[in-house]
Structures are given as structure tokens and as C-alpha cells.
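Worksheet: the structure to be examined is printed underneath.
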Amino acid sequence: MSQKETWFETLHDHFGQYFTVDNILYREKTDHQDLVIFENAALGRVMALDGVVQTTERDEFIYHEMMAHVPLTAHGNAKNVLIIGGGDGGMLREVSRHPGVEQITMVEIDAGVVSFCRQYLPGHNAGSFDDPRFELVIDDGVNYVCQTAKKFDVVISDCTDPIGPGESLFTSDFYQGCARILNEGGIFVAQNGVCFLQQDEAVNSHRKLSNYFDDVSFYQAAIPTYYGGIMTFAWASQNPALRQLDSATLDKRINALGLKCRYYNSAIHTGSFALPQYLLNALSASC
């Protein structure tokens with residue numbers, strides 16, 4: 001029996017994590033990127049880009065439920081939702097579970113990502129690409145939010161880390177554009193890394209977002225394959241009350257939606273806004 005290949009992820013020089021590769025389904029290595037999707041006995045299909053895990057079949061539901069249901073439930077009456085990125089379809093799947101949403105626009109810079117993920121990660125979209133409310137726009141996210149005449153109730157930035165193609169989605173221009181296209185009472189959320197290892201990323205996002213939103217904070221979730229601690233999600237709105245809803249209101253909204261989630265519930269929603277002191281200290285020091 002031959003020894004299985006091992007795939008390593010190293011975000012820092014002195015430690016990382018590894019995965020055994022049971023089967024490589026696809027690999028594209030060019031001068032610009034190294035994209036691989038492989039099967040792992042513990043996590044199912046794993047997609048990595050430039051040496052960093054982007055998503056796995058086993059735990060993607062945590063990330064997508066928290067990115068979608070926290071802002072949508074907090075808003076309570078979202079009709080138009082914008083997803084920046086999200087080509088794997090997982091975010092679209094969760095947003096589409098809200099029957100009150102009338103239109104879902106997804107801006108993806110590479111049409112090939114959508115077709116690729118349809119083929120290799122079909123469980124992520126679970127048929128949501130065929131939802132009649134869905135519109136796919138092939139464009140750069142910054143360009144779209146700065147140029148579109150449309151308005152949205154919730155904007156979800158399902159971005160990669162701020163390196164390479166994802167870097168522009170952490171700029172002041174992008175945040176200003178998102179603030180511009182939000183309706184009154186709108187909410188912006190974004191993937192913001194593992195704050196223990198990527199603290200500067202959170203601090204920089206907080207500082208930039210505060211120029212355009214009255215209420216800026218973070219919420220969190222524990223996602224096993226994003227190693228190094230809790231993953232943080234940026235939260236921004238003009239109304240502080242939207243992230244301080246009581247449990248009775250949250251339960252009423254969740255029950256009305258008939259949401260049956262594997263991670264998200266009203267207690268998780270409330271508790272996710274409690275941040276560790278080291279992050280609070282870093283944010284306070286940057287003000």
C-alpha cells in the first residue's frame with residue numbers, strides 16, 4: 001500500500017496544519033494561483049487556493065450559516081441581498097432559505113469559479129443557483145459597489161484573505177461603496193480572518209469601516225478548518241440596536257422563518273457578539 005500524499009497549510013513560519021489526500025479531484029497551478037480540490041476522509045472535499053483552505057464539505061455550514069443568518073435575522077425584513085464573492089454557492093444557499101428575500105445578487109469576478117464549484121462542490125449550492133431570485137454578475141466587487149445604482153438591505157462580503165485578488169475587498173473604497181448602496185437600516189458583514197493570528201486585519205477593517213458606519217463591531221464563530229482560534233466577521237450598520245436584539249425577538253423571527261440550522265440559533269446569535277478581551281484591547285488602542 002503506497003503512502004498517501006499529505007497537503008500542508010502554513011499561514012505562519014512556525015506552525016500550521018496538514019491533511020491527508022485520499023484523492024485529488026482537480027488541480028490548476030499557474031503563475032498566478034494554485035487551486036486544488038481533494039478528498040479527505042475526515043472533512044470530505046477540501047478546496048484550497050494558494051496554500052490556504054477556502055472551504056470543506058464537513059464544516060462549511062458553520063461559516064455560511066453565520067455569515068447569512070446573523071445579518072438577515074437581525075435586519076428582519078431584507079428584500080434585496082448582495083453577495084460579493086461566494087462563487088461556491090454556499091452563501092447563496094443559506095440566503096435563499098429566507099422566503100422574504102425578493103432578489104439575491106451575487107458579484108463574482110470569475111465566472112469559472114461558479115461552474116467549477118457546481119461540478120466539484122455541488123452540496124454547497126444545493127440547487128440554489130437555479131433560484132429564480134438569483135442574479136449572477138461577473139464583475140470586480142469594488143467596481144460594482146462603486147458604480148451600481150441598485151440599493152440593498154444586506155451586503156455580505158464572502159471574500160478571501162486580504163492578499164492577492166481579495167485585497168481590494170478590504171479597502172476604504174470598497175467599504176465606502178458598500179455604505180453607499182445600503183438602504184436605511186441596512187447591514188454589511190464580511191469575513192475578517194482568525195483574529196488571534198490576523199489581529200491587524202481586524203483592526204484595519206474596524207478603522208476603515210468606522211469612517212462610513214456609525215456602528216462597527218465583529219461577531220465570531222468557531223470553524224475547525226480555519227485554525228488558530230475564532231473566526232471573526234466584520235459587522236457594520238448605522239443602527240447599534242440591530243446587533244443588540246433580545247432573544248425573544250430573535251426566536252420569533254427564526255421560528256417564523258422555519259429555519260432549521262446545524263449551527264446557528266438565537267443563543268449563538270447573541271453570544272457571537274461577545275469578543276475576547278485581547279481583540280477589544282487592540283481595537284481600543286487603535287482608536
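Following the order of the C-alpha cells, first chain is A, next is B, and so on, with residues numbered from 1 inside each chain and ligands from 1 in the order they appear.
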
Strand (DSSP E or B) residues, from DSSP on the backbone, in range 73-163 of chain A, as a PyMOL selection string: chain A and resi 80-85+103-108+134-138+152-158

Go ahead and save the residues from that selection, with N, CA and C atoms, as a JSON list (two decimals), in the first residue's frame.
[["chain", "number", "residue", "atom", "x", "y", "z"],
["A", 80, "ASN", "N", -33.64, 42.79, -0.63],
["A", 80, "ASN", "CA", -32.58, 42.71, -1.64],
["A", 80, "ASN", "C", -31.24, 42.47, -0.95],
["A", 81, "VAL", "N", -30.59, 41.39, -1.36],
["A", 81, "VAL", "CA", -29.33, 40.99, -0.72],
["A", 81, "VAL", "C", -28.23, 40.92, -1.78],
["A", 82, "LEU", "N", -27.07, 41.45, -1.43],
["A", 82, "LEU", "CA", -25.90, 41.41, -2.31],
["A", 82, "LEU", "C", -24.84, 40.53, -1.68],
["A", 83, "ILE", "N", -24.34, 39.57, -2.45],
["A", 83, "ILE", "CA", -23.23, 38.73, -2.04],
["A", 83, "ILE", "C", -22.04, 39.08, -2.93],
["A", 84, "ILE", "N", -20.93, 39.46, -2.31],
["A", 84, "ILE", "CA", -19.70, 39.72, -3.04],
["A", 84, "ILE", "C", -18.83, 38.48, -2.91],
["A", 85, "GLY", "N", -18.44, 37.88, -4.03],
["A", 85, "GLY", "CA", -17.74, 36.60, -3.99],
["A", 85, "GLY", "C", -18.76, 35.48, -3.87],
["A", 103, "GLN", "N", -34.76, 39.43, -4.07],
["A", 103, "GLN", "CA", -33.70, 39.38, -5.07],
["A", 103, "GLN", "C", -32.35, 39.15, -4.40],
["A", 104, "ILE", "N", -31.58, 38.24, -4.98],
["A", 104, "ILE", "CA", -30.24, 37.94, -4.49],
["A", 104, "ILE", "C", -29.26, 38.15, -5.63],
["A", 105, "THR", "N", -28.40, 39.13, -5.49],
["A", 105, "THR", "CA", -27.39, 39.44, -6.50],
["A", 105, "THR", "C", -26.03, 38.95, -6.00],
["A", 106, "MET", "N", -25.35, 38.19, -6.83],
["A", 106, "MET", "CA", -24.00, 37.73, -6.46],
["A", 106, "MET", "C", -23.00, 38.27, -7.48],
["A", 107, "VAL", "N", -22.01, 38.97, -6.99],
["A", 107, "VAL", "CA", -20.96, 39.53, -7.84],
["A", 107, "VAL", "C", -19.70, 38.70, -7.67],
["A", 108, "GLU", "N", -19.34, 38.01, -8.72],
["A", 108, "GLU", "CA", -18.17, 37.12, -8.71],
["A", 108, "GLU", "C", -17.25, 37.55, -9.85],
["A", 134, "PHE", "N", -32.24, 34.69, -8.04],
["A", 134, "PHE", "CA", -30.78, 34.83, -8.13],
["A", 134, "PHE", "C", -30.34, 35.47, -9.43],
["A", 135, "GLU", "N", -29.42, 36.43, -9.30],
["A", 135, "GLU", "CA", -28.78, 37.07, -10.46],
["A", 135, "GLU", "C", -27.28, 37.04, -10.27],
["A", 136, "LEU", "N", -26.56, 36.50, -11.25],
["A", 136, "LEU", "CA", -25.10, 36.47, -11.22],
["A", 136, "LEU", "C", -24.55, 37.61, -12.06],
["A", 137, "VAL", "N", -23.67, 38.39, -11.45],
["A", 137, "VAL", "CA", -22.99, 39.48, -12.14],
["A", 137, "VAL", "C", -21.49, 39.19, -12.12],
["A", 138, "ILE", "N", -20.87, 39.15, -13.29],
["A", 138, "ILE", "CA", -19.43, 38.93, -13.37],
["A", 138, "ILE", "C", -18.76, 40.30, -13.40],
["A", 152, "PHE", "N", -29.43, 47.89, -1.53],
["A", 152, "PHE", "CA", -29.57, 46.60, -0.89],
["A", 152, "PHE", "C", -29.84, 46.76, 0.61],
["A", 153, "ASP", "N", -30.46, 45.74, 1.17],
["A", 153, "ASP", "CA", -30.73, 45.74, 2.61],
["A", 153, "ASP", "C", -29.61, 45.07, 3.39],
["A", 154, "VAL", "N", -28.99, 44.08, 2.79],
["A", 154, "VAL", "CA", -27.86, 43.38, 3.41],
["A", 154, "VAL", "C", -26.79, 43.16, 2.35],
["A", 155, "VAL", "N", -25.54, 43.45, 2.70],
["A", 155, "VAL", "CA", -24.40, 43.18, 1.83],
["A", 155, "VAL", "C", -23.49, 42.21, 2.57],
["A", 156, "ILE", "N", -23.18, 41.08, 1.94],
["A", 156, "ILE", "CA", -22.32, 40.06, 2.52],
["A", 156, "ILE", "C", -21.07, 39.94, 1.65],
["A", 157, "SER", "N", -19.92, 40.25, 2.25],
["A", 157, "SER", "CA", -18.65, 40.12, 1.53],
["A", 157, "SER", "C", -18.02, 38.79, 1.89],
["A", 158, "ASP", "N", -18.23, 37.80, 1.02],
["A", 158, "ASP", "CA", -17.69, 36.46, 1.21],
["A", 158, "ASP", "C", -16.33, 36.41, 0.51]]

Close residues, Glu102 in chain A itself excluded, 10 Å, only C-alpha atoms, min 3 positions apart in chain, as a list in words: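 Listing them by chain and then by number gives Ala78, Lys79, Asn80, Val81, Ser96, His98, Pro99, Pro132, Arg133 and Phe134 of chain A.
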
Selection: 9 Å around range 226-231 of chain A, only C-alpha atoms, excl. self and same-chain fewer than 3 positions, as a ChimeraX atom specification: /A:16-17,53-55,63,191-197,219-223

How about saving the chosen residues, N, CA, C and O atoms kept, as an mmCIF file, in the first residue's frame?
data_model
loop_
_atom_site.group_PDB
_atom_site.id
_atom_site.type_symbol
_atom_site.label_atom_id
_atom_site.label_comp_id
_atom_site.auth_asym_id
_atom_site.auth_seq_id
_atom_site.Cartn_x
_atom_site.Cartn_y
_atom_site.Cartn_z
ATOM 1 N N GLY A 16 1.341 25.105 11.523
ATOM 2 C CA GLY A 16 0.294 25.048 10.511
ATOM 3 C C GLY A 16 -0.568 23.822 10.746
ATOM 4 O O GLY A 16 -0.676 23.329 11.869
ATOM 5 N N GLN A 17 -1.159 23.288 9.694
ATOM 6 C CA GLN A 17 -1.947 22.069 9.801
ATOM 7 C C GLN A 17 -1.767 21.259 8.524
ATOM 8 O O GLN A 17 -1.310 21.773 7.504
ATOM 9 N N VAL A 53 -6.742 26.882 2.918
ATOM 10 C CA VAL A 53 -8.053 26.244 2.817
ATOM 11 C C VAL A 53 -9.139 27.304 2.682
ATOM 12 O O VAL A 53 -9.208 28.260 3.456
ATOM 13 N N GLN A 54 -9.989 27.140 1.676
ATOM 14 C CA GLN A 54 -11.106 28.051 1.466
ATOM 15 C C GLN A 54 -12.408 27.483 2.017
ATOM 16 O O GLN A 54 -13.209 28.212 2.599
ATOM 17 N N THR A 55 -12.627 26.194 1.813
ATOM 18 C CA THR A 55 -13.870 25.592 2.284
ATOM 19 C C THR A 55 -13.725 24.074 2.297
ATOM 20 O O THR A 55 -12.918 23.509 1.551
ATOM 21 N N TYR A 63 -19.691 28.416 8.702
ATOM 22 C CA TYR A 63 -19.331 29.695 8.076
ATOM 23 C C TYR A 63 -20.517 30.318 7.347
ATOM 24 O O TYR A 63 -20.859 31.496 7.554
ATOM 25 N N GLN A 191 -16.194 38.471 5.971
ATOM 26 C CA GLN A 191 -15.192 37.579 6.554
ATOM 27 C C GLN A 191 -13.983 38.408 6.960
ATOM 28 O O GLN A 191 -13.505 39.225 6.198
ATOM 29 N N ASN A 192 -13.487 38.202 8.189
ATOM 30 C CA ASN A 192 -12.391 39.035 8.655
ATOM 31 C C ASN A 192 -11.260 38.263 9.337
ATOM 32 O O ASN A 192 -10.545 38.791 10.178
ATOM 33 N N GLY A 193 -11.139 36.989 8.988
ATOM 34 C CA GLY A 193 -9.975 36.234 9.439
ATOM 35 C C GLY A 193 -10.065 35.725 10.866
ATOM 36 O O GLY A 193 -11.038 35.941 11.584
ATOM 37 N N VAL A 194 -9.035 35.018 11.271
ATOM 38 C CA VAL A 194 -8.896 34.494 12.633
ATOM 39 C C VAL A 194 -8.158 35.543 13.447
ATOM 40 O O VAL A 194 -6.962 35.765 13.245
ATOM 41 N N CYS A 195 -8.875 36.200 14.365
ATOM 42 C CA CYS A 195 -8.335 37.431 14.955
ATOM 43 C C CYS A 195 -7.124 37.204 15.853
ATOM 44 O O CYS A 195 -6.333 38.133 16.055
ATOM 45 N N PHE A 196 -6.928 36.008 16.382
ATOM 46 C CA PHE A 196 -5.746 35.771 17.196
ATOM 47 C C PHE A 196 -4.481 35.826 16.349
ATOM 48 O O PHE A 196 -3.440 36.322 16.784
ATOM 49 N N LEU A 197 -4.567 35.309 15.129
ATOM 50 C CA LEU A 197 -3.413 35.279 14.242
ATOM 51 C C LEU A 197 -3.395 36.451 13.267
ATOM 52 O O LEU A 197 -2.341 36.804 12.744
ATOM 53 N N TYR A 219 -18.486 39.845 15.039
ATOM 54 C CA TYR A 219 -19.035 38.685 15.719
ATOM 55 C C TYR A 219 -18.182 37.486 15.318
ATOM 56 O O TYR A 219 -17.284 37.615 14.484
ATOM 57 N N GLN A 220 -18.425 36.337 15.932
ATOM 58 C CA GLN A 220 -17.446 35.265 15.813
ATOM 59 C C GLN A 220 -18.100 33.892 15.699
ATOM 60 O O GLN A 220 -19.267 33.705 16.032
ATOM 61 N N ALA A 221 -17.317 32.936 15.234
ATOM 62 C CA ALA A 221 -17.735 31.538 15.183
ATOM 63 C C ALA A 221 -16.490 30.669 15.202
ATOM 64 O O ALA A 221 -15.434 31.064 14.702
ATOM 65 N N ALA A 222 -16.629 29.481 15.752
ATOM 66 C CA ALA A 222 -15.534 28.516 15.778
ATOM 67 C C ALA A 222 -15.704 27.562 14.600
ATOM 68 O O ALA A 222 -16.674 26.815 14.540
ATOM 69 N N ILE A 223 -14.776 27.625 13.653
ATOM 70 C CA ILE A 223 -14.842 26.819 12.436
ATOM 71 C C ILE A 223 -13.566 25.985 12.380
ATOM 72 O O ILE A 223 -12.471 26.533 12.199
#

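Residues with any atom within 9 Å of range 273-285 of chain A, counting only C-alpha atoms and excluding same-chain neighbours fewer than 3 positions away, are A:Cys195, A:Phe196, A:Gln199, A:Asp200, A:Ala202, A:Val203, A:His206, A:Arg207, A:Ser217, A:Phe218, A:Tyr219, A:Gln220, A:Arg243, A:Gln244, A:Ile268, A:His269, A:Thr270.
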
Output C-alpha atoms for every residue in that selection, as a compact mmCIF listing (two decimals), in the first residue's frame.
# COMPACT_ATOMS: atom_id res chain seq x y z
CA CYS A 195 -8.34 37.43 14.95
CA PHE A 196 -5.75 35.77 17.20
CA GLN A 199 -5.35 40.83 14.51
CA ASP A 200 -4.06 43.61 12.29
CA ALA A 202 -9.48 43.17 12.17
CA VAL A 203 -8.02 46.43 13.49
CA HIS A 206 -12.55 48.42 12.06
CA ARG A 207 -10.72 51.67 11.49
CA SER A 217 -18.05 45.67 15.52
CA PHE A 218 -17.38 41.98 15.00
CA TYR A 219 -19.03 38.69 15.72
CA GLN A 220 -17.45 35.27 15.81
CA ARG A 243 -26.79 43.90 16.93
CA GLN A 244 -28.46 44.09 20.34
CA ILE A 268 -25.42 31.57 19.21
CA HIS A 269 -26.54 34.81 17.52
CA THR A 270 -26.47 36.74 20.81

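For Val52 in chain A, the non-local neighbours within 6 Å, defined as residues at least 3 positions apart in the same chain or in other chains and counting only C-alpha atoms, are Glu9, Ala48 and Leu49 of chain A.
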
Just to be explicit: take each residue in the selection above, keep all heavy atoms, and write the result as a short mmCIF file (atom, residue, chain, number, x, y, z; two decimals), in the first residue's frame.
data_model
loop_
_atom_site.label_atom_id
_atom_site.label_comp_id
_atom_site.auth_asym_id
_atom_site.auth_seq_id
_atom_site.Cartn_x
_atom_site.Cartn_y
_atom_site.Cartn_z
N GLU A 9 -0.92 23.25 5.13
CA GLU A 9 -1.29 24.66 5.11
C GLU A 9 -0.48 25.36 6.18
O GLU A 9 -0.49 24.97 7.35
CB GLU A 9 -2.78 24.84 5.42
CG GLU A 9 -3.19 26.33 5.50
CD GLU A 9 -4.65 26.53 5.89
OE1 GLU A 9 -5.20 25.66 6.59
OE2 GLU A 9 -5.23 27.54 5.51
N ALA A 48 -8.64 24.43 -1.69
CA ALA A 48 -7.60 25.34 -1.21
C ALA A 48 -7.11 26.20 -2.36
O ALA A 48 -7.04 25.75 -3.51
CB ALA A 48 -6.45 24.56 -0.61
N LEU A 49 -6.76 27.43 -2.04
CA LEU A 49 -6.25 28.38 -3.03
C LEU A 49 -4.96 28.98 -2.50
O LEU A 49 -4.94 29.53 -1.39
CB LEU A 49 -7.28 29.48 -3.29
CG LEU A 49 -6.88 30.57 -4.28
CD1 LEU A 49 -6.68 29.99 -5.68
CD2 LEU A 49 -7.96 31.67 -4.32
#

Test item: residues at most 6 Å from Ile37 in chain A, only C-alpha atoms, excluding those fewer than 4 positions along its chain, as a VMD selection string: chain A and resid 25 to 26 46 to 47

Take the residues just selected and output them with C-alpha atoms as a compact mmCIF listing (two decimals), in the first residue's frame.
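Done, and the output landed in out-v9.txt:
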# COMPACT_ATOMS: atom_id res chain seq x y z
CA LEU A 25 -10.08 15.76 -7.96
CA TYR A 26 -8.71 18.88 -9.62
CA VAL A 46 -11.46 20.34 0.53
CA MET A 47 -10.80 23.36 -1.70

Residue set, range 41-214 of chain A restricted to helix (DSSP H, G or I), as a VMD selection string: chain A and resid 60 to 75 90 to 95 111 to 120 122 to 125 128 to 130 141 to 147 164 to 170 172 to 181 199 to 209

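Using only C-alpha atoms, the smallest distance between any of A:Pro71, A:Val114, A:Asn265, A:Lys260 and Ser237 in chain A comes from A:Pro71.
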
Residue contacts of Phe38 in chain A (10 Å, only C-alpha atoms) excluding same-chain residues fewer than 6 positions away, as an MDAnalysis selection string: chainID A and resid 7 19:27 44:48 56 120

Please dump the current selection as a compact mmCIF listing (two decimals), in the first residue's frame; keep all heavy atoms.
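This is the output file again-v2.txt:
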# COMPACT_ATOMS: atom_id res chain seq x y z
N TRP A 7 -1.08 17.13 2.40
CA TRP A 7 -1.17 18.53 1.98
C TRP A 7 -1.04 19.42 3.20
O TRP A 7 -1.73 19.22 4.20
CB TRP A 7 -2.50 18.78 1.27
CG TRP A 7 -2.62 20.16 0.68
CD1 TRP A 7 -2.21 20.57 -0.56
CD2 TRP A 7 -3.17 21.32 1.31
NE1 TRP A 7 -2.48 21.91 -0.74
CE2 TRP A 7 -3.06 22.40 0.40
CE3 TRP A 7 -3.73 21.56 2.56
CZ2 TRP A 7 -3.51 23.69 0.69
CZ3 TRP A 7 -4.18 22.85 2.87
CH2 TRP A 7 -4.07 23.89 1.93
N PHE A 19 -3.37 17.82 6.00
CA PHE A 19 -4.49 16.97 5.61
C PHE A 19 -3.93 15.80 4.79
O PHE A 19 -3.08 16.01 3.92
CB PHE A 19 -5.48 17.72 4.72
CG PHE A 19 -6.07 18.96 5.33
CD1 PHE A 19 -5.35 20.14 5.39
CD2 PHE A 19 -7.36 18.95 5.83
CE1 PHE A 19 -5.90 21.29 5.94
CE2 PHE A 19 -7.92 20.10 6.38
CZ PHE A 19 -7.19 21.27 6.44
N THR A 20 -4.40 14.62 5.05
CA THR A 20 -4.08 13.52 4.15
C THR A 20 -4.95 13.65 2.90
O THR A 20 -6.12 14.04 2.99
CB THR A 20 -4.32 12.15 4.81
OG1 THR A 20 -5.68 12.07 5.26
CG2 THR A 20 -3.38 11.94 5.98
N VAL A 21 -4.39 13.36 1.77
CA VAL A 21 -5.09 13.48 0.50
C VAL A 21 -5.48 12.08 0.03
O VAL A 21 -4.63 11.28 -0.36
CB VAL A 21 -4.20 14.17 -0.55
CG1 VAL A 21 -4.94 14.25 -1.89
CG2 VAL A 21 -3.79 15.56 -0.07
N ASP A 22 -6.76 11.80 0.08
CA ASP A 22 -7.24 10.50 -0.37
C ASP A 22 -7.35 10.44 -1.89
O ASP A 22 -7.15 9.39 -2.50
CB ASP A 22 -8.60 10.17 0.26
CG ASP A 22 -8.51 10.07 1.78
OD1 ASP A 22 -7.53 9.49 2.27
OD2 ASP A 22 -9.41 10.58 2.47
N ASN A 23 -7.70 11.60 -2.48
CA ASN A 23 -7.87 11.64 -3.93
C ASN A 23 -7.87 13.09 -4.39
O ASN A 23 -8.63 13.91 -3.86
CB ASN A 23 -9.20 10.98 -4.32
CG ASN A 23 -9.40 10.93 -5.81
OD1 ASN A 23 -8.45 10.82 -6.59
ND2 ASN A 23 -10.65 11.04 -6.24
N ILE A 24 -7.02 13.44 -5.34
CA ILE A 24 -7.05 14.79 -5.92
C ILE A 24 -8.06 14.80 -7.06
O ILE A 24 -7.94 14.03 -8.02
CB ILE A 24 -5.65 15.21 -6.43
CG1 ILE A 24 -4.68 15.37 -5.25
CG2 ILE A 24 -5.75 16.52 -7.20
CD1 ILE A 24 -3.29 15.80 -5.65
N LEU A 25 -9.04 15.67 -6.94
CA LEU A 25 -10.08 15.76 -7.96
C LEU A 25 -9.74 16.77 -9.04
O LEU A 25 -10.12 16.61 -10.20
CB LEU A 25 -11.41 16.15 -7.31
CG LEU A 25 -11.97 15.16 -6.28
CD1 LEU A 25 -13.22 15.74 -5.62
CD2 LEU A 25 -12.30 13.83 -6.95
N TYR A 26 -9.01 17.82 -8.65
CA TYR A 26 -8.71 18.88 -9.62
C TYR A 26 -7.51 19.66 -9.12
O TYR A 26 -7.37 19.90 -7.92
CB TYR A 26 -9.91 19.80 -9.77
CG TYR A 26 -9.72 20.93 -10.77
CD1 TYR A 26 -10.01 20.75 -12.12
CD2 TYR A 26 -9.25 22.18 -10.37
CE1 TYR A 26 -9.83 21.78 -13.03
CE2 TYR A 26 -9.07 23.21 -11.28
CZ TYR A 26 -9.36 23.00 -12.61
OH TYR A 26 -9.18 24.01 -13.52
N ARG A 27 -6.66 20.06 -10.04
CA ARG A 27 -5.56 20.95 -9.67
C ARG A 27 -5.22 21.84 -10.84
O ARG A 27 -5.10 21.37 -11.97
CB ARG A 27 -4.33 20.17 -9.24
CG ARG A 27 -3.19 21.09 -8.76
CD ARG A 27 -2.30 20.42 -7.75
NE ARG A 27 -1.65 21.39 -6.89
CZ ARG A 27 -0.93 21.08 -5.82
NH1 ARG A 27 -0.80 19.81 -5.47
NH2 ARG A 27 -0.37 22.01 -5.09
N GLY A 44 -14.26 15.47 3.98
CA GLY A 44 -14.88 15.42 2.66
C GLY A 44 -14.03 16.15 1.65
O GLY A 44 -12.79 16.11 1.70
N ARG A 45 -14.67 16.83 0.73
CA ARG A 45 -13.93 17.58 -0.28
C ARG A 45 -13.41 18.89 0.30
O ARG A 45 -14.14 19.62 0.98
CB ARG A 45 -14.82 17.84 -1.50
CG ARG A 45 -15.20 16.55 -2.22
CD ARG A 45 -15.91 16.77 -3.52
NE ARG A 45 -16.15 15.48 -4.19
CZ ARG A 45 -16.64 15.34 -5.41
NH1 ARG A 45 -16.97 16.43 -6.12
NH2 ARG A 45 -16.81 14.14 -5.94
N VAL A 46 -12.16 19.16 0.01
CA VAL A 46 -11.46 20.34 0.53
C VAL A 46 -10.98 21.17 -0.65
O VAL A 46 -10.34 20.64 -1.56
CB VAL A 46 -10.25 19.94 1.40
CG1 VAL A 46 -9.52 21.17 1.91
CG2 VAL A 46 -10.68 19.04 2.55
N MET A 47 -11.30 22.47 -0.65
CA MET A 47 -10.80 23.36 -1.70
C MET A 47 -9.81 24.34 -1.08
O MET A 47 -10.10 24.98 -0.07
CB MET A 47 -11.94 24.14 -2.36
CG MET A 47 -11.43 25.01 -3.52
SD MET A 47 -12.76 25.76 -4.51
CE MET A 47 -13.33 27.03 -3.40
N ALA A 48 -8.64 24.43 -1.69
CA ALA A 48 -7.60 25.34 -1.21
C ALA A 48 -7.11 26.20 -2.36
O ALA A 48 -7.04 25.75 -3.51
CB ALA A 48 -6.45 24.56 -0.61
N THR A 56 -14.50 23.43 3.17
CA THR A 56 -14.57 21.97 3.20
C THR A 56 -16.03 21.56 3.30
O THR A 56 -16.86 22.29 3.86
CB THR A 56 -13.80 21.36 4.39
OG1 THR A 56 -14.59 21.46 5.57
CG2 THR A 56 -12.47 22.04 4.60
N TYR A 120 -17.68 20.35 -8.69
CA TYR A 120 -16.90 19.67 -7.68
C TYR A 120 -17.43 19.83 -6.25
O TYR A 120 -17.07 19.05 -5.37
CB TYR A 120 -15.45 20.14 -7.73
CG TYR A 120 -14.73 19.68 -8.98
CD1 TYR A 120 -14.51 20.55 -10.04
CD2 TYR A 120 -14.29 18.37 -9.11
CE1 TYR A 120 -13.85 20.13 -11.20
CE2 TYR A 120 -13.64 17.93 -10.25
CZ TYR A 120 -13.42 18.82 -11.29
OH TYR A 120 -12.78 18.39 -12.43

Which of A:Leu11, A:Cys261, A:Ala126, A:Val95 sits closest to Leu72 in chain A [using only C-alpha atoms]: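 Checking each candidate against Leu72 in chain A, we get A:Val95 as the closest.
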
Distance table requested - range 132-151 of chain A against range 174-178 of chain A, cut-off 7 Å, only C-alpha atoms: one row per qualifying residue with the closest atom pair and its distance in Å to one decimal, ordered by chain and rising residue number, as a tab-separated table.
residue	atom	partner	partner_atom	distance
A:Val142	CA	A:Phe174	CA	5.1
A:Val145	CA	A:Gly177	CA	4.8
A:Cys146	CA	A:Gly177	CA	4.7
